[in-house]
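Trainee: Let me give you the structure first, and then I'll get to my questions.
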Amino acid sequence: MTSLLVPDKAGKLGDIVLGFDNVSGYQSPEYQKSGPYFGALIGRYGNRIAKGQFTLEGKTYTLAKNNGPNHLHGGLKGFDKVIWQAEPGSSAAGQTLKLTYQSKDGEEGYPGNLTVTVVYTLTQDDALQIDYSATTDKATPVNLTNHSYFNLSAGQRPDVLAHQVTLPADRYTVVDADLIPTGELRAVKGTAFDFTTAHAIGERIAQVPGGYDHNWVLNAATEGQHPAATVYEPTSGRTMQVSTTEPGVQFYTGNFLDGSLTGKGGRVYGKHAGFCLETQHFPDSPNQPKFPSTTLQPGQTLRSTTTYQFGVRK
Ligand code: BGC
């Protein structure tokens, strides 16, 4: 997703995602080196798998390691770097783009031929809906997400620290120094992770070394779509409400952006220039038996939906 135009409180359209004016921005050595995954469709596995290894049905699999000792966002050539079949269309809900990709058995170390279909819909009522589905011929972990960086000020502000965020989550997954979950689900109450009521991103970010880069455990993680986040940007009045069928959301505040990338309209992307809300299963689930399972079995169809609803507050 390279551009997303959304009206502000005066009805003026602005581009609220980070990215580049053309494809060469995504192919530059600086971009490849820093690997921010602007607007990317992430797979096979969103976030990290510890040591790039897991055991499934008695067999140990070794994945590509592309984040220190760990596997991140699908590996060296994840779904963000492959060519998808793209088919524009429309449905009752709105304009659609259907993306299809066949991931071969053994790709980046994963078992099974995986067929993935992702439909992006721009709805009549100012929402972006993403519907993911996948099937496999061998048991395999799958965790698909979208890695768009939002800045609802649409370039009016260089960072997202004034955005007010609510996350309906009483707990988050505690991580070690390499951002691998320890298995503990810790209460957010009384900490800088408590977004059960609205807080500006910048209000307590200094208490979190590096910034937010954690998975929140959504309270209403039941069947069907439930709220994942609400965001309000005071300058523009823009709001975004995220709902999902997924049990978690990675709230990442662009901590690794360092000004080395210049994006659309000559904007320099410094630290916290955008934030991601990656709806997902929890990081490293293949090695965490107590986390909701990410295993897709042959004969099953994975289905996952996330909706980003836009609006304004006057
Ligand atoms: C991860 C970060 C990582 C970033 C890559 C996020 O989803 O949680 O740790 O650096 O993606 O841009």
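Each chain in the structure tokens gets a letter, A, B, ..., in the order shown, and its residues are numbered from 1; ligands are numbered from 1 in order too.
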Which residues are near ligand 1 in this structure, taking near to mean any atom at most 8 Å from a ligand atom and counting only C-alpha atoms and all ligand atoms? Format them as a PyMOL selection string.
Mentor: chain A and resi 34-38+46-48+72-73+147+179+213-214+250-252+254-256+276+278
Trainee: Taking the DSSP assignment computed from this structure's backbone, write out as a JSON list (two decimals) with all heavy atoms, in the first residue's frame all residues of stretch 32-115 of chain A that belong to helix (DSSP H, G or I).
Mentor:
```json
[["chain", "number", "residue", "atom", "x", "y", "z"],
["A", 32, "GLN", "N", 16.48, -1.32, 1.49],
["A", 32, "GLN", "CA", 16.73, -2.76, 1.69],
["A", 32, "GLN", "C", 17.49, -2.97, 3.00],
["A", 32, "GLN", "O", 17.24, -3.93, 3.72],
["A", 32, "GLN", "CB", 17.55, -3.32, 0.52],
["A", 32, "GLN", "CG", 16.83, -3.25, -0.82],
["A", 32, "GLN", "CD", 15.58, -4.13, -0.90],
["A", 32, "GLN", "OE1", 15.53, -5.19, -0.30],
["A", 32, "GLN", "NE2", 14.57, -3.68, -1.63],
["A", 33, "LYS", "N", 18.41, -2.04, 3.31],
["A", 33, "LYS", "CA", 19.23, -2.18, 4.51],
["A", 33, "LYS", "C", 18.40, -1.99, 5.78],
["A", 33, "LYS", "O", 18.48, -2.78, 6.71],
["A", 33, "LYS", "CB", 20.37, -1.14, 4.47],
["A", 33, "LYS", "CG", 21.36, -1.25, 5.59],
["A", 33, "LYS", "CD", 22.61, -0.42, 5.30],
["A", 33, "LYS", "CE", 23.43, -0.23, 6.57],
["A", 33, "LYS", "NZ", 23.08, 1.02, 7.29],
["A", 34, "SER", "N", 17.55, -0.96, 5.79],
["A", 34, "SER", "CA", 16.82, -0.68, 7.03],
["A", 34, "SER", "C", 15.55, -1.54, 7.16],
["A", 34, "SER", "O", 15.07, -1.77, 8.26],
["A", 34, "SER", "CB", 16.50, 0.81, 7.15],
["A", 34, "SER", "OG", 15.60, 1.19, 6.13],
["A", 50, "ALA", "N", 11.57, -17.35, 17.09],
["A", 50, "ALA", "CA", 12.85, -17.41, 17.80],
["A", 50, "ALA", "C", 13.81, -18.40, 17.14],
["A", 50, "ALA", "O", 13.43, -19.52, 16.81],
["A", 50, "ALA", "CB", 12.62, -17.81, 19.26],
["A", 51, "LYS", "N", 15.04, -17.94, 16.95],
["A", 51, "LYS", "CA", 16.13, -18.75, 16.39],
["A", 51, "LYS", "C", 15.77, -19.30, 15.00],
["A", 51, "LYS", "O", 16.42, -20.23, 14.51],
["A", 51, "LYS", "CB", 16.51, -19.91, 17.32],
["A", 51, "LYS", "CG", 16.76, -19.50, 18.77],
["A", 51, "LYS", "CD", 18.22, -19.18, 19.03],
["A", 51, "LYS", "CE", 18.52, -18.89, 20.47],
["A", 51, "LYS", "NZ", 18.17, -17.51, 20.90],
["A", 52, "GLY", "N", 14.72, -18.79, 14.40],
["A", 52, "GLY", "CA", 14.30, -19.29, 13.09],
["A", 52, "GLY", "C", 14.02, -20.77, 13.11],
["A", 52, "GLY", "O", 14.36, -21.48, 12.14],
["A", 79, "PHE", "N", 6.75, -12.31, 1.98],
["A", 79, "PHE", "CA", 5.66, -11.98, 1.05],
["A", 79, "PHE", "C", 5.71, -10.52, 0.59],
["A", 79, "PHE", "O", 5.07, -10.14, -0.39],
["A", 79, "PHE", "CB", 4.31, -12.27, 1.69],
["A", 79, "PHE", "CG", 3.97, -13.73, 1.78],
["A", 79, "PHE", "CD1", 4.87, -14.71, 1.35],
["A", 79, "PHE", "CD2", 2.76, -14.15, 2.30],
["A", 79, "PHE", "CE1", 4.56, -16.06, 1.43],
["A", 79, "PHE", "CE2", 2.43, -15.50, 2.38],
["A", 79, "PHE", "CZ", 3.33, -16.45, 1.94],
["A", 80, "ASP", "N", 6.47, -9.68, 1.30],
["A", 80, "ASP", "CA", 6.63, -8.27, 0.88],
["A", 80, "ASP", "C", 7.52, -8.16, -0.35],
["A", 80, "ASP", "O", 7.54, -7.11, -1.00],
["A", 80, "ASP", "CB", 7.24, -7.45, 2.03],
["A", 80, "ASP", "CG", 8.59, -8.01, 2.48],
["A", 80, "ASP", "OD1", 8.62, -9.18, 2.94],
["A", 80, "ASP", "OD2", 9.61, -7.31, 2.35],
["A", 81, "LYS", "N", 8.32, -9.22, -0.64],
["A", 81, "LYS", "CA", 9.29, -9.12, -1.73],
["A", 81, "LYS", "C", 8.98, -10.03, -2.90],
["A", 81, "LYS", "O", 9.80, -10.19, -3.80],
["A", 81, "LYS", "CB", 10.70, -9.42, -1.21],
["A", 81, "LYS", "CG", 11.18, -8.39, -0.19],
["A", 81, "LYS", "CD", 12.61, -8.67, 0.27],
["A", 81, "LYS", "CE", 13.01, -7.75, 1.39],
["A", 81, "LYS", "NZ", 12.28, -8.02, 2.65],
["A", 107, "GLU", "N", 9.78, -22.82, 0.88],
["A", 107, "GLU", "CA", 10.12, -21.40, 0.73],
["A", 107, "GLU", "C", 10.48, -20.80, 2.09],
["A", 107, "GLU", "O", 9.71, -20.91, 3.05],
["A", 107, "GLU", "CB", 8.91, -20.66, 0.13],
["A", 107, "GLU", "CG", 9.24, -19.29, -0.42],
["A", 107, "GLU", "CD", 8.05, -18.69, -1.17],
["A", 107, "GLU", "OE1", 7.68, -19.22, -2.23],
["A", 107, "GLU", "OE2", 7.50, -17.71, -0.67],
["A", 108, "GLU", "N", 11.65, -20.21, 2.15],
["A", 108, "GLU", "CA", 12.19, -19.60, 3.39],
["A", 108, "GLU", "C", 12.24, -20.62, 4.54],
["A", 108, "GLU", "O", 12.34, -20.24, 5.71],
["A", 108, "GLU", "CB", 11.39, -18.36, 3.82],
["A", 108, "GLU", "CG", 11.41, -17.23, 2.80],
["A", 108, "GLU", "CD", 12.80, -16.66, 2.53],
["A", 108, "GLU", "OE1", 13.45, -16.21, 3.47],
["A", 108, "GLU", "OE2", 13.22, -16.69, 1.36],
["A", 109, "GLY", "N", 12.11, -21.91, 4.20],
["A", 109, "GLY", "CA", 12.20, -22.98, 5.19],
["A", 109, "GLY", "C", 10.87, -23.54, 5.66],
["A", 109, "GLY", "O", 10.83, -24.52, 6.40]]
```
Trainee: Hey, what does DSSP flag as strand (DSSP E) within stretch 138-252 of chain A? Can you give it to me as number ranges by chain?
Mentor: A: 140-141, 145-146, 164-166, 171-175, 181-187, 199-200, 213-217, 226-232, 238-244, 248-252
Trainee: Please, could you write that set of residues out with N, CA and C atoms as a CSV table (one decimal), in the first residue's frame?
Mentor:
```csv
chain,number,residue,atom,x,y,z
A,140,THR,N,1.5,-26.1,8.5
A,140,THR,CA,2.5,-25.1,8.5
A,140,THR,C,2.0,-23.9,9.3
A,141,PRO,N,2.9,-23.1,10.0
A,141,PRO,CA,2.4,-21.9,10.7
A,141,PRO,C,2.2,-20.8,9.7
A,145,THR,N,-0.3,-10.3,8.0
A,145,THR,CA,-0.7,-9.0,8.4
A,145,THR,C,-0.3,-7.9,7.4
A,146,ASN,N,-0.6,-6.7,7.8
A,146,ASN,CA,-0.3,-5.5,6.9
A,146,ASN,C,0.6,-4.6,7.7
A,164,GLN,N,-3.6,10.2,19.6
A,164,GLN,CA,-4.1,9.5,20.8
A,164,GLN,C,-4.6,8.2,20.4
A,165,VAL,N,-4.2,7.2,21.2
A,165,VAL,CA,-4.4,5.8,20.9
A,165,VAL,C,-5.1,5.1,22.0
A,166,THR,N,-6.1,4.3,21.6
A,166,THR,CA,-6.8,3.4,22.6
A,166,THR,C,-6.6,1.9,22.1
A,171,ARG,N,-3.8,-6.9,28.6
A,171,ARG,CA,-2.5,-7.6,28.7
A,171,ARG,C,-1.6,-7.4,27.5
A,172,TYR,N,-0.3,-7.6,27.6
A,172,TYR,CA,0.5,-7.6,26.4
A,172,TYR,C,1.5,-8.8,26.6
A,173,THR,N,2.2,-9.2,25.5
A,173,THR,CA,3.1,-10.3,25.6
A,173,THR,C,4.5,-9.7,25.9
A,174,VAL,N,5.1,-10.1,27.1
A,174,VAL,CA,6.4,-9.6,27.5
A,174,VAL,C,7.4,-10.2,26.6
A,175,VAL,N,8.4,-9.3,26.2
A,175,VAL,CA,9.5,-9.8,25.3
A,175,VAL,C,10.9,-9.7,26.0
A,181,PRO,N,8.9,-13.1,22.7
A,181,PRO,CA,8.1,-13.3,23.9
A,181,PRO,C,8.6,-14.3,24.9
A,182,THR,N,8.5,-14.0,26.1
A,182,THR,CA,9.0,-14.9,27.2
A,182,THR,C,7.8,-15.9,27.5
A,183,GLY,N,6.7,-15.6,27.0
A,183,GLY,CA,5.5,-16.5,27.3
A,183,GLY,C,4.5,-15.8,28.3
A,184,GLU,N,5.1,-14.8,29.0
A,184,GLU,CA,4.3,-14.2,30.0
A,184,GLU,C,3.3,-13.2,29.4
A,185,LEU,N,2.0,-13.2,29.8
A,185,LEU,CA,1.1,-12.2,29.4
A,185,LEU,C,0.9,-11.3,30.6
A,186,ARG,N,1.4,-10.1,30.5
A,186,ARG,CA,1.4,-9.2,31.7
A,186,ARG,C,0.3,-8.1,31.7
A,187,ALA,N,-0.2,-7.8,32.8
A,187,ALA,CA,-1.3,-6.8,32.9
A,187,ALA,C,-0.7,-5.4,32.6
A,199,HIS,N,-4.5,7.6,25.2
A,199,HIS,CA,-3.3,8.4,25.6
A,199,HIS,C,-2.5,8.8,24.4
A,200,ALA,N,-1.9,9.9,24.5
A,200,ALA,CA,-1.0,10.3,23.4
A,200,ALA,C,0.2,9.4,23.3
A,213,ASP,N,6.9,-1.5,20.7
A,213,ASP,CA,7.1,-2.5,19.7
A,213,ASP,C,6.7,-3.8,20.3
A,214,HIS,N,5.4,-3.9,20.6
A,214,HIS,CA,4.9,-5.0,21.4
A,214,HIS,C,3.6,-5.5,20.9
A,215,ASN,N,3.2,-6.7,21.3
A,215,ASN,CA,2.0,-7.3,20.9
A,215,ASN,C,1.0,-7.2,22.1
A,216,TRP,N,-0.1,-6.5,21.8
A,216,TRP,CA,-1.2,-6.4,22.8
A,216,TRP,C,-2.2,-7.6,22.6
A,217,VAL,N,-2.7,-8.1,23.8
A,217,VAL,CA,-3.6,-9.3,23.7
A,217,VAL,C,-5.0,-8.7,23.8
A,226,HIS,N,-13.6,-7.9,16.3
A,226,HIS,CA,-13.7,-7.2,17.5
A,226,HIS,C,-12.8,-6.0,17.4
A,227,PRO,N,-12.9,-5.0,18.3
A,227,PRO,CA,-12.1,-3.8,18.2
A,227,PRO,C,-10.6,-4.1,18.5
A,228,ALA,N,-9.7,-3.4,17.8
A,228,ALA,CA,-8.3,-3.6,18.0
A,228,ALA,C,-7.6,-2.3,18.4
A,229,ALA,N,-8.1,-1.2,17.9
A,229,ALA,CA,-7.5,0.1,18.2
A,229,ALA,C,-8.4,1.2,17.8
A,230,THR,N,-8.2,2.4,18.5
A,230,THR,CA,-8.8,3.6,18.0
A,230,THR,C,-7.7,4.7,18.0
A,231,VAL,N,-7.7,5.5,17.0
A,231,VAL,CA,-6.6,6.5,16.9
A,231,VAL,C,-7.2,7.8,16.5
A,232,TYR,N,-6.8,8.9,17.2
A,232,TYR,CA,-7.3,10.2,16.9
A,232,TYR,C,-6.1,11.2,16.7
A,238,ARG,N,-8.5,13.7,12.0
A,238,ARG,CA,-8.8,12.3,11.5
A,238,ARG,C,-8.8,11.3,12.6
A,239,THR,N,-9.7,10.3,12.4
A,239,THR,CA,-9.7,9.1,13.3
A,239,THR,C,-9.6,7.9,12.5
A,240,MET,N,-9.1,6.8,13.2
A,240,MET,CA,-9.0,5.5,12.6
A,240,MET,C,-9.5,4.5,13.6
A,241,GLN,N,-10.4,3.6,13.2
A,241,GLN,CA,-10.8,2.5,14.1
A,241,GLN,C,-10.5,1.2,13.5
A,242,VAL,N,-9.7,0.4,14.2
A,242,VAL,CA,-9.2,-0.9,13.6
A,242,VAL,C,-10.0,-2.0,14.3
A,243,SER,N,-10.6,-2.9,13.5
A,243,SER,CA,-11.2,-4.1,14.1
A,243,SER,C,-10.7,-5.3,13.3
A,244,THR,N,-10.7,-6.4,14.0
A,244,THR,CA,-10.0,-7.6,13.4
A,244,THR,C,-10.6,-8.9,13.9
A,248,GLY,N,-4.4,-10.6,18.5
A,248,GLY,CA,-3.5,-9.6,18.9
A,248,GLY,C,-3.2,-8.5,18.0
A,249,VAL,N,-2.5,-7.5,18.5
A,249,VAL,CA,-2.1,-6.4,17.6
A,249,VAL,C,-0.7,-5.9,18.0
A,250,GLN,N,0.2,-5.9,17.0
A,250,GLN,CA,1.5,-5.3,17.3
A,250,GLN,C,1.4,-3.8,17.1
A,251,PHE,N,1.7,-3.1,18.1
A,251,PHE,CA,1.7,-1.6,18.1
A,251,PHE,C,3.2,-1.2,18.0
A,252,TYR,N,3.6,-0.7,16.9
A,252,TYR,CA,5.0,-0.4,16.6
A,252,TYR,C,5.1,1.0,16.2
```
Trainee: Figure out the distance between atom CA of A:Ser3 and atom CA of A:Ala93, please, to one decimal in Å.
Mentor: 20.2 Å
Trainee: What lies within 8 Å of A:Trp84 using only C-alpha atoms, ignoring chain neighbours under 5 positions off, as JSON, numbers by chain?
Mentor: {"A": [99, 100, 101]}
Trainee: A:Glu223: which residues within 10 Å, counting only C-alpha atoms, same-chain residues fewer than 5 positions away excluded, as a short mmCIF file (atom, residue, chain, number, x, y, z; two decimals) with N, CA, C and O atoms, in the first residue's frame?
Mentor:
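And here is the file that came out, around-v6.cif:
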```
data_model
loop_
_atom_site.label_atom_id
_atom_site.label_comp_id
_atom_site.auth_asym_id
_atom_site.auth_seq_id
_atom_site.Cartn_x
_atom_site.Cartn_y
_atom_site.Cartn_z
N THR A 244 -10.69 -6.42 13.99
CA THR A 244 -10.02 -7.59 13.41
C THR A 244 -10.62 -8.88 13.95
O THR A 244 -11.26 -8.89 15.01
N THR A 245 -10.35 -9.97 13.24
CA THR A 245 -10.68 -11.30 13.75
C THR A 245 -9.49 -11.89 14.52
O THR A 245 -9.58 -12.97 15.06
N GLU A 246 -8.34 -11.18 14.52
CA GLU A 246 -7.11 -11.71 15.12
C GLU A 246 -7.09 -11.51 16.64
O GLU A 246 -7.69 -10.57 17.15
N PRO A 247 -6.34 -12.36 17.36
CA PRO A 247 -6.28 -12.22 18.82
C PRO A 247 -5.35 -11.13 19.33
O PRO A 247 -5.42 -10.74 20.49
#
```
Trainee: Tell me which of A:Ala92, A:Leu161, A:Ala139, A:Leu257 sits closest to A:Leu296, counting only C-alpha atoms.
Mentor: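 Answer, going by the shortest atom-to-atom distance: A:Ala139.
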Trainee: Contacts of A:Asp125 at 10 Å or less, counting only C-alpha atoms, minus same-chain residues fewer than 2 places along, as a list in words?
Mentor: Ala93, Gly94, Leu122, Thr123, Ala127, Leu128, Gln309, Phe310 and Gly311 of chain A
Trainee: Can you tell me, as a list in words, what residues are no more than 9 Å from A:Gly75 when counting only C-alpha atoms, ignoring any on the same chain fewer than 5 positions away?
Mentor: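 These residues fall inside the cut-off: Gly43, Arg44, Tyr45, Gly52, Leu63, Ala64, Lys65, Asn66, Asn67, Glu108 and Gly109 of chain A.
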Trainee: Print the selection's residues with N, CA and C atoms to a file, as a short mmCIF file (atom, residue, chain, number, x, y, z; two decimals), in the first residue's frame.
Mentor:
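Result saved to again26.cif:
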```
data_model
loop_
_atom_site.label_atom_id
_atom_site.label_comp_id
_atom_site.auth_asym_id
_atom_site.auth_seq_id
_atom_site.Cartn_x
_atom_site.Cartn_y
_atom_site.Cartn_z
N GLY A 43 4.06 -12.05 5.30
CA GLY A 43 3.85 -13.47 5.43
C GLY A 43 5.17 -14.20 5.15
N ARG A 44 5.30 -15.51 5.31
CA ARG A 44 4.22 -16.29 5.89
C ARG A 44 3.93 -15.95 7.34
N TYR A 45 4.92 -15.38 8.04
CA TYR A 45 4.70 -15.20 9.47
C TYR A 45 5.03 -13.78 9.92
N GLY A 52 14.72 -18.79 14.40
CA GLY A 52 14.30 -19.29 13.09
C GLY A 52 14.02 -20.77 13.11
N LEU A 63 14.23 -22.00 9.53
CA LEU A 63 13.82 -20.91 8.64
C LEU A 63 14.99 -19.97 8.38
N ALA A 64 14.83 -19.12 7.38
CA ALA A 64 15.82 -18.08 7.11
C ALA A 64 15.90 -17.15 8.33
N LYS A 65 17.12 -16.76 8.70
CA LYS A 65 17.30 -15.80 9.81
C LYS A 65 17.64 -14.45 9.20
N ASN A 66 16.83 -13.47 9.50
CA ASN A 66 17.04 -12.15 8.89
C ASN A 66 16.94 -11.04 9.93
N ASN A 67 16.97 -11.41 11.22
CA ASN A 67 16.86 -10.40 12.27
C ASN A 67 17.71 -10.89 13.44
N GLU A 108 11.65 -20.21 2.15
CA GLU A 108 12.19 -19.60 3.39
C GLU A 108 12.24 -20.62 4.54
N GLY A 109 12.11 -21.91 4.20
CA GLY A 109 12.20 -22.98 5.19
C GLY A 109 10.87 -23.54 5.66
#
```
Trainee: For the atom pair atom CA of A:Val116 and atom CA of A:Thr135, what is the interatomic distance in Å to one decimal place?
Mentor: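 Computed distance, atom CA of A:Val116 to atom CA of A:Thr135, equals 6.8 Å.
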